[in-house]
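Below: final_26.cif (mmCIF, C-alpha atoms)
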```
data_protein
loop_
_atom_site.label_atom_id
_atom_site.label_comp_id
_atom_site.auth_asym_id
_atom_site.auth_seq_id
_atom_site.Cartn_x
_atom_site.Cartn_y
_atom_site.Cartn_z
CA MET A 28 -26.20 -29.32 1.74
CA GLU A 29 -22.70 -30.50 2.45
CA ASP A 30 -22.11 -33.49 4.68
CA GLU A 31 -20.59 -32.86 8.07
CA LEU A 32 -18.28 -35.66 9.12
CA VAL A 33 -16.33 -35.95 12.35
CA LEU A 34 -14.21 -38.93 13.36
CA LEU A 35 -13.40 -39.43 17.03
CA ASP A 36 -10.17 -41.36 16.96
CA PHE A 37 -6.99 -42.34 18.78
CA TRP A 38 -3.88 -42.55 16.62
CA PRO A 39 -2.46 -45.97 17.66
CA SER A 40 -5.85 -47.70 17.52
CA PRO A 41 -6.09 -50.31 14.74
CA PHE A 42 -9.87 -49.88 14.88
CA GLY A 43 -9.56 -46.16 14.23
CA MET A 44 -7.17 -46.89 11.36
CA ARG A 45 -9.82 -49.01 9.64
CA VAL A 46 -12.19 -46.07 9.44
CA ARG A 47 -9.42 -43.72 8.27
CA ILE A 48 -8.61 -46.11 5.43
CA ALA A 49 -12.27 -46.45 4.40
CA LEU A 50 -12.76 -42.67 4.33
CA ALA A 51 -9.55 -42.25 2.33
CA GLU A 52 -10.55 -44.98 -0.14
CA LYS A 53 -13.77 -43.11 -0.80
CA GLY A 54 -12.04 -39.72 -0.96
CA ILE A 55 -14.26 -38.31 1.79
CA LYS A 56 -13.30 -35.17 3.67
CA TYR A 57 -13.78 -35.21 7.41
CA GLU A 58 -12.65 -33.60 10.64
CA ALA A 59 -10.44 -35.85 12.74
CA ARG A 60 -10.56 -35.36 16.51
CA GLU A 61 -8.00 -37.08 18.68
CA GLU A 62 -9.31 -38.48 21.98
CA GLU A 63 -7.24 -38.72 25.15
CA LEU A 64 -8.46 -42.17 26.04
CA PHE A 65 -6.57 -42.69 29.26
CA GLU A 66 -6.65 -39.14 30.51
CA GLN A 67 -10.09 -37.78 29.91
CA LYS A 68 -12.64 -38.78 27.34
CA SER A 69 -14.30 -35.79 25.72
CA PRO A 70 -17.94 -34.91 26.49
CA LEU A 71 -18.63 -35.43 22.79
CA LEU A 72 -17.36 -39.04 22.90
CA LEU A 73 -19.38 -39.79 26.03
CA GLN A 74 -22.46 -38.28 24.42
CA MET A 75 -21.99 -40.00 21.03
CA ASN A 76 -21.05 -43.43 22.38
CA PRO A 77 -22.65 -43.62 25.83
CA VAL A 78 -22.93 -47.42 25.69
CA HIS A 79 -19.26 -48.30 25.17
CA LYS A 80 -17.47 -44.93 25.49
CA LYS A 81 -14.96 -46.12 22.91
CA ILE A 82 -13.45 -44.90 19.67
CA PRO A 83 -13.77 -44.88 16.75
CA VAL A 84 -17.04 -43.00 16.40
CA LEU A 85 -18.10 -41.50 13.09
CA ILE A 86 -20.49 -38.58 13.47
CA HIS A 87 -22.35 -37.98 10.21
CA ASN A 88 -24.46 -34.83 10.23
CA GLY A 89 -24.67 -35.08 14.01
CA LYS A 90 -25.62 -38.76 14.12
CA PRO A 91 -23.13 -41.25 15.61
CA VAL A 92 -22.12 -44.62 14.19
CA CYS A 93 -20.00 -46.85 16.46
CA GLU A 94 -17.92 -50.04 16.19
CA SER A 95 -15.24 -49.96 13.48
CA LEU A 96 -16.53 -52.64 11.09
CA ASN A 97 -20.04 -51.29 11.46
CA ILE A 98 -18.76 -47.81 10.55
CA VAL A 99 -16.91 -49.19 7.51
CA GLN A 100 -20.06 -50.94 6.25
CA TYR A 101 -22.01 -47.73 6.76
CA ILE A 102 -19.43 -45.72 4.80
CA ASP A 103 -19.50 -48.33 2.04
CA GLN A 104 -23.29 -48.09 1.76
CA VAL A 105 -23.63 -44.33 1.89
CA TRP A 106 -20.72 -43.53 -0.45
CA ASN A 107 -21.40 -46.39 -2.79
CA HIS A 108 -20.31 -44.62 -6.00
CA LYS A 109 -16.62 -45.23 -5.51
CA SER A 110 -14.20 -47.97 -4.38
CA PRO A 111 -16.65 -50.63 -3.14
CA LEU A 112 -15.24 -52.34 -0.07
CA LEU A 113 -17.72 -55.20 0.23
CA PRO A 114 -18.54 -57.49 -2.71
CA SER A 115 -21.99 -57.13 -4.28
CA ASP A 116 -22.72 -60.87 -4.26
CA PRO A 117 -24.44 -61.95 -1.00
CA TYR A 118 -22.36 -65.12 -0.64
CA GLN A 119 -19.07 -63.25 -1.13
CA ARG A 120 -20.29 -60.62 1.33
CA SER A 121 -20.99 -63.28 3.96
CA GLN A 122 -17.47 -64.66 3.48
CA ALA A 123 -15.95 -61.19 3.81
CA ARG A 124 -17.90 -60.61 7.02
CA PHE A 125 -16.86 -64.04 8.33
CA TRP A 126 -13.15 -63.29 7.85
CA ALA A 127 -13.41 -59.79 9.27
CA ASP A 128 -15.12 -61.33 12.30
CA TYR A 129 -12.24 -63.84 12.52
CA VAL A 130 -9.75 -60.96 12.61
CA ASP A 131 -11.78 -59.17 15.27
CA ASN A 132 -12.35 -62.12 17.54
CA LYS A 133 -9.64 -64.75 17.03
CA LEU A 134 -6.72 -62.56 16.01
CA PHE A 135 -7.26 -59.55 18.25
CA MET A 136 -7.92 -61.80 21.24
CA ALA A 137 -4.54 -63.46 20.66
CA LEU A 138 -2.93 -60.03 20.18
CA ARG A 139 -4.19 -58.82 23.55
CA LYS A 140 -2.78 -61.87 25.33
CA THR A 141 0.55 -61.54 23.54
CA MET A 142 0.96 -57.88 24.34
CA ARG A 143 0.71 -58.39 28.09
CA TRP A 144 3.91 -57.14 29.61
CA LYS A 145 4.00 -59.97 32.11
CA ASP A 146 5.84 -62.95 30.72
CA GLY A 147 4.30 -66.26 31.40
CA GLU A 148 1.85 -68.90 30.31
CA GLU A 149 -0.80 -66.51 29.08
CA GLN A 150 1.64 -64.63 26.93
CA GLU A 151 3.10 -67.85 25.52
CA ALA A 152 -0.38 -69.14 24.75
CA GLY A 153 -1.20 -65.81 23.12
CA LYS A 154 1.90 -65.99 20.94
CA LYS A 155 1.02 -69.50 19.74
CA GLU A 156 -2.58 -68.48 18.97
CA LEU A 157 -1.42 -65.35 17.18
CA ILE A 158 0.90 -67.28 14.87
CA GLU A 159 -1.78 -69.91 14.25
CA SER A 160 -4.36 -67.25 13.40
CA LEU A 161 -1.97 -65.46 11.05
CA LYS A 162 -1.27 -68.78 9.30
CA VAL A 163 -4.99 -69.44 8.90
CA LEU A 164 -5.35 -65.98 7.38
CA GLU A 165 -2.36 -66.61 5.15
CA GLY A 166 -4.10 -69.78 3.95
CA GLU A 167 -7.23 -67.80 3.20
CA LEU A 168 -5.22 -65.19 1.27
CA GLY A 169 -3.63 -67.94 -0.82
CA ASP A 170 -2.19 -66.58 -4.05
CA LYS A 171 -4.63 -63.70 -4.30
CA LEU A 172 -3.31 -60.13 -4.41
CA TYR A 173 -5.72 -59.13 -1.66
CA PHE A 174 -8.15 -61.00 0.58
CA ASN A 175 -10.82 -59.37 -1.60
CA GLY A 176 -9.28 -60.78 -4.78
CA GLU A 177 -7.93 -58.37 -7.39
CA SER A 178 -8.76 -55.29 -5.38
CA PHE A 179 -8.42 -54.09 -1.80
CA GLY A 180 -11.55 -54.74 0.26
CA PHE A 181 -13.25 -55.27 3.59
CA VAL A 182 -11.06 -58.03 5.01
CA ASP A 183 -7.86 -56.31 3.85
CA LEU A 184 -9.03 -53.17 5.60
CA ALA A 185 -9.92 -55.09 8.77
CA LEU A 186 -6.47 -56.67 9.01
CA VAL A 187 -3.90 -54.23 7.60
CA PRO A 188 -3.90 -51.81 10.60
CA LEU A 189 -2.25 -54.60 12.56
CA ALA A 190 0.84 -54.04 10.38
CA SER A 191 1.60 -50.90 12.41
CA TRP A 192 1.79 -53.16 15.47
CA PHE A 193 4.10 -55.78 13.91
CA TYR A 194 7.27 -54.08 15.11
CA SER A 195 5.90 -53.94 18.69
CA LEU A 196 4.81 -57.57 18.51
CA GLU A 197 8.14 -58.81 17.19
CA THR A 198 10.12 -56.76 19.69
CA ARG A 199 7.95 -57.95 22.58
CA THR A 200 7.86 -61.63 21.66
CA GLY A 201 11.01 -62.25 19.67
CA PHE A 202 9.30 -64.03 16.80
CA SER A 203 9.54 -62.92 13.20
CA ILE A 204 6.27 -62.51 11.34
CA GLU A 205 8.12 -62.62 8.03
CA GLY A 206 9.69 -65.89 9.12
CA GLU A 207 6.35 -67.44 10.08
CA CYS A 208 4.04 -65.86 7.50
CA PRO A 209 5.93 -64.42 4.54
CA LYS A 210 2.81 -64.06 2.38
CA ILE A 211 1.19 -61.87 5.04
CA ILE A 212 4.24 -59.59 4.97
CA SER A 213 4.24 -59.32 1.16
CA TRP A 214 0.49 -58.61 1.28
CA THR A 215 1.16 -55.90 3.89
CA LYS A 216 3.75 -54.27 1.64
CA ARG A 217 1.30 -54.39 -1.29
CA CYS A 218 -1.36 -52.66 0.84
CA MET A 219 1.10 -50.03 2.06
CA GLU A 220 1.68 -49.01 -1.57
CA LYS A 221 -1.88 -47.70 -1.54
CA GLU A 222 -2.05 -44.08 -0.46
CA SER A 223 -5.22 -44.63 1.58
CA VAL A 224 -3.42 -47.21 3.71
CA ALA A 225 -0.01 -45.51 3.92
CA LYS A 226 -1.47 -42.25 5.18
CA SER A 227 -3.81 -43.94 7.69
CA LEU A 228 -1.26 -46.08 9.50
CA PRO A 229 1.17 -44.57 12.03
CA ASP A 230 4.90 -45.26 12.11
CA PRO A 231 5.36 -48.68 13.78
CA ARG A 232 8.17 -47.36 15.95
CA LYS A 233 5.92 -44.60 17.26
CA VAL A 234 3.39 -47.28 18.20
CA TYR A 235 6.09 -49.15 20.16
CA ASP A 236 7.15 -45.97 21.96
CA TYR A 237 3.53 -45.31 22.85
CA LEU A 238 3.14 -48.84 24.29
CA LEU A 239 6.30 -48.44 26.37
CA GLU A 240 5.10 -45.11 27.68
CA ARG A 241 1.67 -46.55 28.45
CA LYS A 242 3.32 -49.33 30.43
CA LYS A 243 5.35 -46.80 32.40
CA LYS A 244 2.34 -44.63 33.13
CA TYR A 245 -0.47 -47.13 33.58
CA GLY A 246 1.21 -50.50 33.89
CA PHE A 247 -0.34 -52.16 30.82
CA MET B 12 -33.91 -75.25 -9.85
CA ALA B 13 -35.03 -75.34 -6.24
CA ASP B 14 -32.68 -74.07 -3.58
CA GLU B 15 -31.13 -76.62 -1.30
CA VAL B 16 -30.94 -75.20 2.21
CA ILE B 17 -29.54 -77.13 5.17
CA LEU B 18 -29.06 -75.83 8.70
CA LEU B 19 -26.66 -77.54 11.08
CA GLY B 20 -27.79 -76.70 14.60
CA PHE B 21 -27.96 -77.67 18.26
CA PHE B 22 -31.36 -77.27 19.89
CA PRO B 23 -30.40 -75.42 23.13
CA SER B 24 -28.06 -72.98 21.37
CA MET B 25 -29.46 -69.46 21.18
CA PHE B 26 -27.17 -68.88 18.21
CA SER B 27 -28.58 -71.89 16.39
CA MET B 28 -32.12 -70.59 16.94
CA ARG B 29 -31.43 -67.28 15.20
CA PRO B 30 -31.22 -68.62 11.62
CA ARG B 31 -34.29 -70.77 12.38
CA VAL B 32 -36.29 -67.66 13.23
CA ALA B 33 -35.00 -65.87 10.12
CA LEU B 34 -35.77 -68.82 7.81
CA ALA B 35 -39.25 -69.11 9.31
CA GLU B 36 -39.86 -65.36 8.88
CA LYS B 37 -39.04 -65.71 5.19
CA GLY B 38 -41.02 -68.93 4.78
CA ILE B 39 -38.00 -70.83 3.47
CA HIS B 40 -38.02 -74.62 3.40
CA TYR B 41 -34.89 -76.18 4.76
CA GLU B 42 -33.50 -79.39 6.15
CA TYR B 43 -32.49 -79.19 9.79
CA LYS B 44 -29.70 -81.43 11.06
CA GLU B 45 -29.14 -81.68 14.80
CA GLU B 46 -25.47 -81.92 15.72
CA ASP B 47 -24.11 -83.90 18.63
CA LEU B 48 -21.48 -81.41 19.80
CA GLY B 49 -19.63 -84.14 21.65
CA ASN B 50 -19.29 -86.03 18.37
CA LYS B 51 -19.29 -83.50 15.53
CA SER B 52 -20.38 -84.75 12.13
CA PRO B 53 -17.95 -84.89 9.19
CA LEU B 54 -20.27 -82.44 7.41
CA LEU B 55 -19.90 -79.84 10.19
CA LEU B 56 -16.11 -80.24 10.26
CA GLN B 57 -16.00 -79.90 6.48
CA MET B 58 -18.34 -76.91 6.33
CA ASN B 59 -16.88 -75.00 9.27
CA PRO B 60 -13.25 -76.12 9.51
CA ILE B 61 -12.17 -72.84 11.12
CA HIS B 62 -14.42 -72.78 14.19
CA LYS B 63 -16.11 -76.22 14.01
CA LYS B 64 -19.21 -74.61 15.51
CA ILE B 65 -22.90 -74.43 14.82
CA PRO B 66 -24.96 -72.91 13.36
CA VAL B 67 -23.89 -73.43 9.76
CA LEU B 68 -26.21 -72.68 6.87
CA ILE B 69 -25.43 -74.66 3.73
CA HIS B 70 -26.99 -73.04 0.67
CA ASN B 71 -26.65 -75.09 -2.51
CA GLY B 72 -23.56 -76.72 -1.03
CA LYS B 73 -21.89 -73.49 0.11
CA PRO B 74 -21.47 -72.86 3.85
CA ILE B 75 -22.13 -69.67 5.76
CA CYS B 76 -21.02 -69.52 9.39
CA GLU B 77 -21.61 -67.26 12.44
CA SER B 78 -25.26 -66.75 13.36
CA LEU B 79 -25.63 -63.02 12.67
CA ILE B 80 -23.71 -63.30 9.41
CA ILE B 81 -26.10 -66.11 8.44
CA VAL B 82 -29.14 -63.98 9.32
CA GLU B 83 -27.83 -61.08 7.21
CA TYR B 84 -27.17 -63.46 4.33
CA ILE B 85 -30.71 -64.86 4.56
CA ASP B 86 -32.08 -61.31 4.61
CA GLU B 87 -30.08 -60.35 1.53
CA VAL B 88 -30.80 -63.43 -0.56
CA TRP B 89 -34.52 -63.70 0.28
CA HIS B 90 -35.08 -59.98 0.32
CA ASP B 91 -38.57 -60.04 -1.13
CA LYS B 92 -40.30 -61.00 2.10
CA ALA B 93 -40.19 -59.91 5.77
CA PRO B 94 -37.10 -57.65 5.67
CA LEU B 95 -35.11 -57.99 8.87
CA LEU B 96 -32.61 -55.17 8.38
CA PRO B 97 -33.78 -51.62 7.62
CA SER B 98 -33.03 -50.27 4.15
CA ASP B 99 -31.72 -46.93 5.46
CA PRO B 100 -27.92 -47.14 6.01
CA TYR B 101 -28.04 -45.28 9.34
CA GLN B 102 -30.81 -47.50 10.72
CA ARG B 103 -28.91 -50.58 9.51
CA ALA B 104 -25.81 -49.36 11.35
CA GLN B 105 -27.86 -48.94 14.53
CA ALA B 106 -29.37 -52.43 14.14
CA ARG B 107 -25.91 -53.97 13.69
CA PHE B 108 -24.61 -52.01 16.70
CA TRP B 109 -27.32 -53.41 18.98
CA ALA B 110 -27.00 -56.96 17.63
CA ASP B 111 -23.27 -56.71 18.37
CA TYR B 112 -24.12 -55.47 21.88
CA VAL B 113 -26.30 -58.57 22.42
CA ASP B 114 -23.53 -60.83 21.13
CA ASN B 115 -20.75 -59.32 23.18
CA LYS B 116 -21.97 -57.38 26.21
CA PHE B 117 -25.19 -59.26 26.87
CA PHE B 118 -23.96 -62.77 26.13
CA GLY B 119 -20.81 -62.05 28.14
CA SER B 120 -22.90 -60.99 31.12
CA THR B 121 -24.90 -64.22 31.22
CA TRP B 122 -22.06 -66.60 32.08
CA LYS B 123 -21.44 -65.61 35.66
CA VAL B 124 -25.15 -65.64 36.48
CA TRP B 125 -25.49 -69.36 36.04
CA THR B 126 -21.98 -70.77 36.29
CA THR B 127 -20.61 -69.09 39.42
CA LYS B 128 -21.47 -68.69 43.07
CA GLY B 129 -21.00 -66.23 45.89
CA GLU B 130 -19.44 -62.82 45.29
CA GLU B 131 -18.57 -63.55 41.70
CA GLN B 132 -22.16 -64.50 40.98
CA GLU B 133 -23.50 -61.39 42.71
CA ALA B 134 -21.25 -59.19 40.62
CA GLY B 135 -22.30 -61.13 37.52
CA LYS B 136 -25.98 -60.73 38.38
CA LYS B 137 -25.56 -56.98 38.81
CA GLU B 138 -23.90 -56.64 35.40
CA PHE B 139 -26.54 -58.87 33.78
CA ILE B 140 -29.38 -56.72 35.08
CA GLU B 141 -27.61 -53.49 34.09
CA VAL B 142 -27.17 -54.77 30.55
CA LEU B 143 -30.81 -55.89 30.37
CA LYS B 144 -31.87 -52.42 31.46
CA VAL B 145 -29.76 -50.83 28.73
CA LEU B 146 -31.52 -53.07 26.22
CA GLU B 147 -34.90 -52.24 27.74
CA GLY B 148 -34.00 -48.56 27.42
CA GLU B 149 -33.17 -49.03 23.76
CA LEU B 150 -36.50 -50.80 23.18
CA GLY B 151 -38.33 -47.89 24.84
CA ASP B 152 -41.99 -47.80 23.88
CA LYS B 153 -41.54 -49.49 20.52
CA PRO B 154 -43.29 -52.82 19.99
CA TYR B 155 -40.03 -54.28 18.65
CA PHE B 156 -36.39 -53.24 18.56
CA GLY B 157 -36.96 -52.99 14.81
CA GLY B 158 -39.75 -50.44 15.39
CA GLN B 159 -43.21 -51.40 14.20
CA SER B 160 -42.02 -54.71 12.84
CA PHE B 161 -39.84 -57.56 14.07
CA GLY B 162 -36.24 -57.15 12.88
CA PHE B 163 -32.55 -57.99 13.15
CA VAL B 164 -32.03 -56.98 16.78
CA ASP B 165 -35.23 -58.77 17.81
CA VAL B 166 -33.92 -61.97 16.13
CA SER B 167 -30.55 -61.61 17.85
CA LEU B 168 -32.01 -61.24 21.34
CA ILE B 169 -35.27 -63.24 21.40
CA THR B 170 -33.45 -66.57 21.22
CA PHE B 171 -31.91 -65.87 24.62
CA SER B 172 -35.40 -65.96 26.12
CA SER B 173 -35.19 -69.77 26.06
CA TRP B 174 -32.46 -69.37 28.64
CA PHE B 175 -34.25 -66.89 30.90
CA HIS B 176 -35.57 -69.70 33.08
CA VAL B 177 -31.99 -70.96 33.53
CA TYR B 178 -30.71 -67.50 34.49
CA GLU B 179 -33.62 -66.89 36.86
CA THR B 180 -33.31 -70.27 38.57
CA PHE B 181 -29.54 -70.32 39.00
CA GLY B 182 -29.28 -66.61 39.61
CA ASN B 183 -32.28 -66.38 41.89
CA LEU B 184 -33.64 -63.34 40.13
CA SER B 185 -36.78 -62.30 38.30
CA ILE B 186 -36.34 -60.74 34.88
CA GLU B 187 -39.99 -59.70 34.82
CA LYS B 188 -39.51 -57.74 38.02
CA GLU B 189 -36.33 -56.02 36.84
CA CYS B 190 -37.34 -55.42 33.24
CA PRO B 191 -41.09 -55.69 32.75
CA LYS B 192 -41.03 -54.00 29.34
CA LEU B 193 -38.52 -56.52 28.09
CA MET B 194 -40.70 -59.43 29.24
CA ALA B 195 -43.67 -57.85 27.49
CA TRP B 196 -41.56 -57.71 24.34
CA VAL B 197 -40.65 -61.41 24.77
CA LYS B 198 -44.35 -62.32 24.99
CA ARG B 199 -45.10 -60.19 21.92
CA CYS B 200 -42.38 -61.94 19.91
CA LYS B 201 -43.54 -65.36 21.00
CA GLU B 202 -46.95 -64.63 19.48
CA LYS B 203 -45.21 -64.80 16.13
CA GLU B 204 -45.23 -68.29 14.71
CA SER B 205 -41.70 -67.92 13.33
CA VAL B 206 -40.45 -67.35 16.86
CA SER B 207 -42.56 -69.81 18.83
CA LYS B 208 -41.72 -72.71 16.54
CA SER B 209 -37.98 -71.92 16.54
CA LEU B 210 -37.35 -71.44 20.24
CA ALA B 211 -36.33 -74.32 22.44
CA ASP B 212 -38.55 -75.11 25.40
CA GLU B 213 -37.24 -73.20 28.43
CA ASN B 214 -37.62 -76.15 30.73
CA LYS B 215 -35.66 -78.45 28.48
#
```

Could you quickly redo this structure as structure tokens?
Amino acid sequence: MEDELVLLDFWPSPFGMRVRIALAEKGIKYEAREEELFEQKSPLLLQMNPVHKKIPVLIHNGKPVCESLNIVQYIDQVWNHKSPLLPSDPYQRSQARFWADYVDNKLFMALRKTMRWKDGEEQEAGKKELIESLKVLEGELGDKLYFNGESFGFVDLALVPLASWFYSLETRTGFSIEGECPKIISWTKRCMEKESVAKSLPDPRKVYDYLLERKKKYGF
Amino acid sequence: MADEVILLGFFPSMFSMRPRVALAEKGIHYEYKEEDLGNKSPLLLQMNPIHKKIPVLIHNGKPICESLIIVEYIDEVWHDKAPLLPSDPYQRAQARFWADYVDNKFFGSTWKVWTTKGEEQEAGKKEFIEVLKVLEGELGDKPYFGGQSFGFVDVSLITFSSWFHVYETFGNLSIEKECPKLMAWVKRCKEKESVSKSLADENK
């Protein structure tokens, strides 16, 4: 029996992008359904993720899996014959999870503060934290090709969607990511050479237009 | 060669208690080092330079940080006894989802209950109870969140029970009254030696 896979997604969401990349890495076919997050969430989303009502949600043969990194780990376990995303060694796995958690908590927290439209202390603090976090990540990357070593993996996947938001960040804050963290930019370019990444990330300028429109419509 | 396992912890921290429960479940011998968070040890700063937080598990000199990541690591390395995560990928995904809910939604809801007053506290209390009820709903009629046996979600949540007395006293509420099934689950977990010897005394 063939697998039925549906992904409830929202095109500018970095969390949605993670799942798209994982599915593409594994060469898995699925049906993508775009959610109107600020207009009206679909009955399917509300039914499949009643606790958080958020995307992404992967529905595999009718059963929902929620939270992006959780979904990626699930995909990695079920379709384990190709392109492993997590290392097989338990210690390396724990390190990969640690850094993905760092991206989710430290980096995204700073991103949210930075992307506030209101200028002020919070935004300035956010900017500082964002640059610091990116530098810590740059330190962790070191001279490796990818965070995962020789091949693209879990931490790379957790972080690279942010690249589609770099243009918006730089335009909003005036700082240059290349200037502050050149290794992160060269790593981004390396990732974008992979088809799975290039086809999963939206055009950065479209993301910026979306954010401007969202500000006009909803004020944030 | 015997494993060298060290846990850097802080007795009242519910996060610190989680690896203790997991290590006890697996019957692993380890050295526990209590940290003075006002004066962090050089070992802690060396082993967790990024967050400088406990708990940190040091296995043969290599550090693992973040309580749930530590618990998963313990489960993977010492996989021959008392499995905490299910082997089925879908069930594992559900377990991780609920552990994440405890870490984010539930933990987030506890702050206002005991650190604020007035309207803010009332709103906090309401959210706290709502979240507890969601968890109680997820438990349903199962003996544990893990089903018939104690598992990952049970480990993630049970350590908060040491703080129930704090929430009830400061928040002027009764968890037993609001969520009797959850309190029954707490009692059931505490019957397990791995839990009772790892949890901090509520009154302390």

Apply the PyMOL selection byres ((chain A) within 9 of (chain B)) to the structure shown and report the selected residues as a compact mmCIF listing (two decimals) with C-alpha atoms, keeping the file's coordinate frame.
```txt
# COMPACT_ATOMS: atom_id res chain seq x y z
CA VAL A 78 -22.93 -47.42 25.69
CA LYS A 90 -25.62 -38.76 14.12
CA PRO A 91 -23.13 -41.25 15.61
CA VAL A 92 -22.12 -44.62 14.19
CA CYS A 93 -20.00 -46.85 16.46
CA GLU A 94 -17.92 -50.04 16.19
CA ASN A 97 -20.04 -51.29 11.46
CA ILE A 98 -18.76 -47.81 10.55
CA GLN A 100 -20.06 -50.94 6.25
CA TYR A 101 -22.01 -47.73 6.76
CA ILE A 102 -19.43 -45.72 4.80
CA GLN A 104 -23.29 -48.09 1.76
CA VAL A 105 -23.63 -44.33 1.89
CA PRO A 117 -24.44 -61.95 -1.00
CA TYR A 118 -22.36 -65.12 -0.64
CA ARG A 120 -20.29 -60.62 1.33
CA SER A 121 -20.99 -63.28 3.96
CA GLN A 122 -17.47 -64.66 3.48
CA ARG A 124 -17.90 -60.61 7.02
CA PHE A 125 -16.86 -64.04 8.33
CA ASP A 128 -15.12 -61.33 12.30
CA VAL A 163 -4.99 -69.44 8.90
```

Please report the interatomic distance between atom CA of B:Gly148 and atom CA of B:Ser120 in Å with one decimal. 17.1 Å

Any chance you could resolve the PyMOL selection byres ((chain B and resi 185-191) around 8) against this file and give the residues as an MDAnalysis selection string? chainID B and resid 140 143:144 147 175 179 183:184 192:195

What do you get, as a ChimeraX atom specification, if you spell out every residue that the PyMOL selection byres ((chain B and resi 35) around 12) selects here? /B:28-34,36-41,82,85-86,89,92-93,95,166,203-210

Mind checking which residues fall within 7 Å of A:Leu34, counting all atoms listed in the file, ignoring those fewer than 4 positions away in the same chain, and posting them as a list of chain:residue names? A:Glu58, A:Ala59, A:Arg60, A:Pro83, A:Val84, A:Leu85, A:Ile86

Might you pull out every residue within 9 Å of A:Glu61, with only C-alpha atoms counted and same-chain residues fewer than 6 positions away left off, and present them as number ranges by chain? A: 34-38
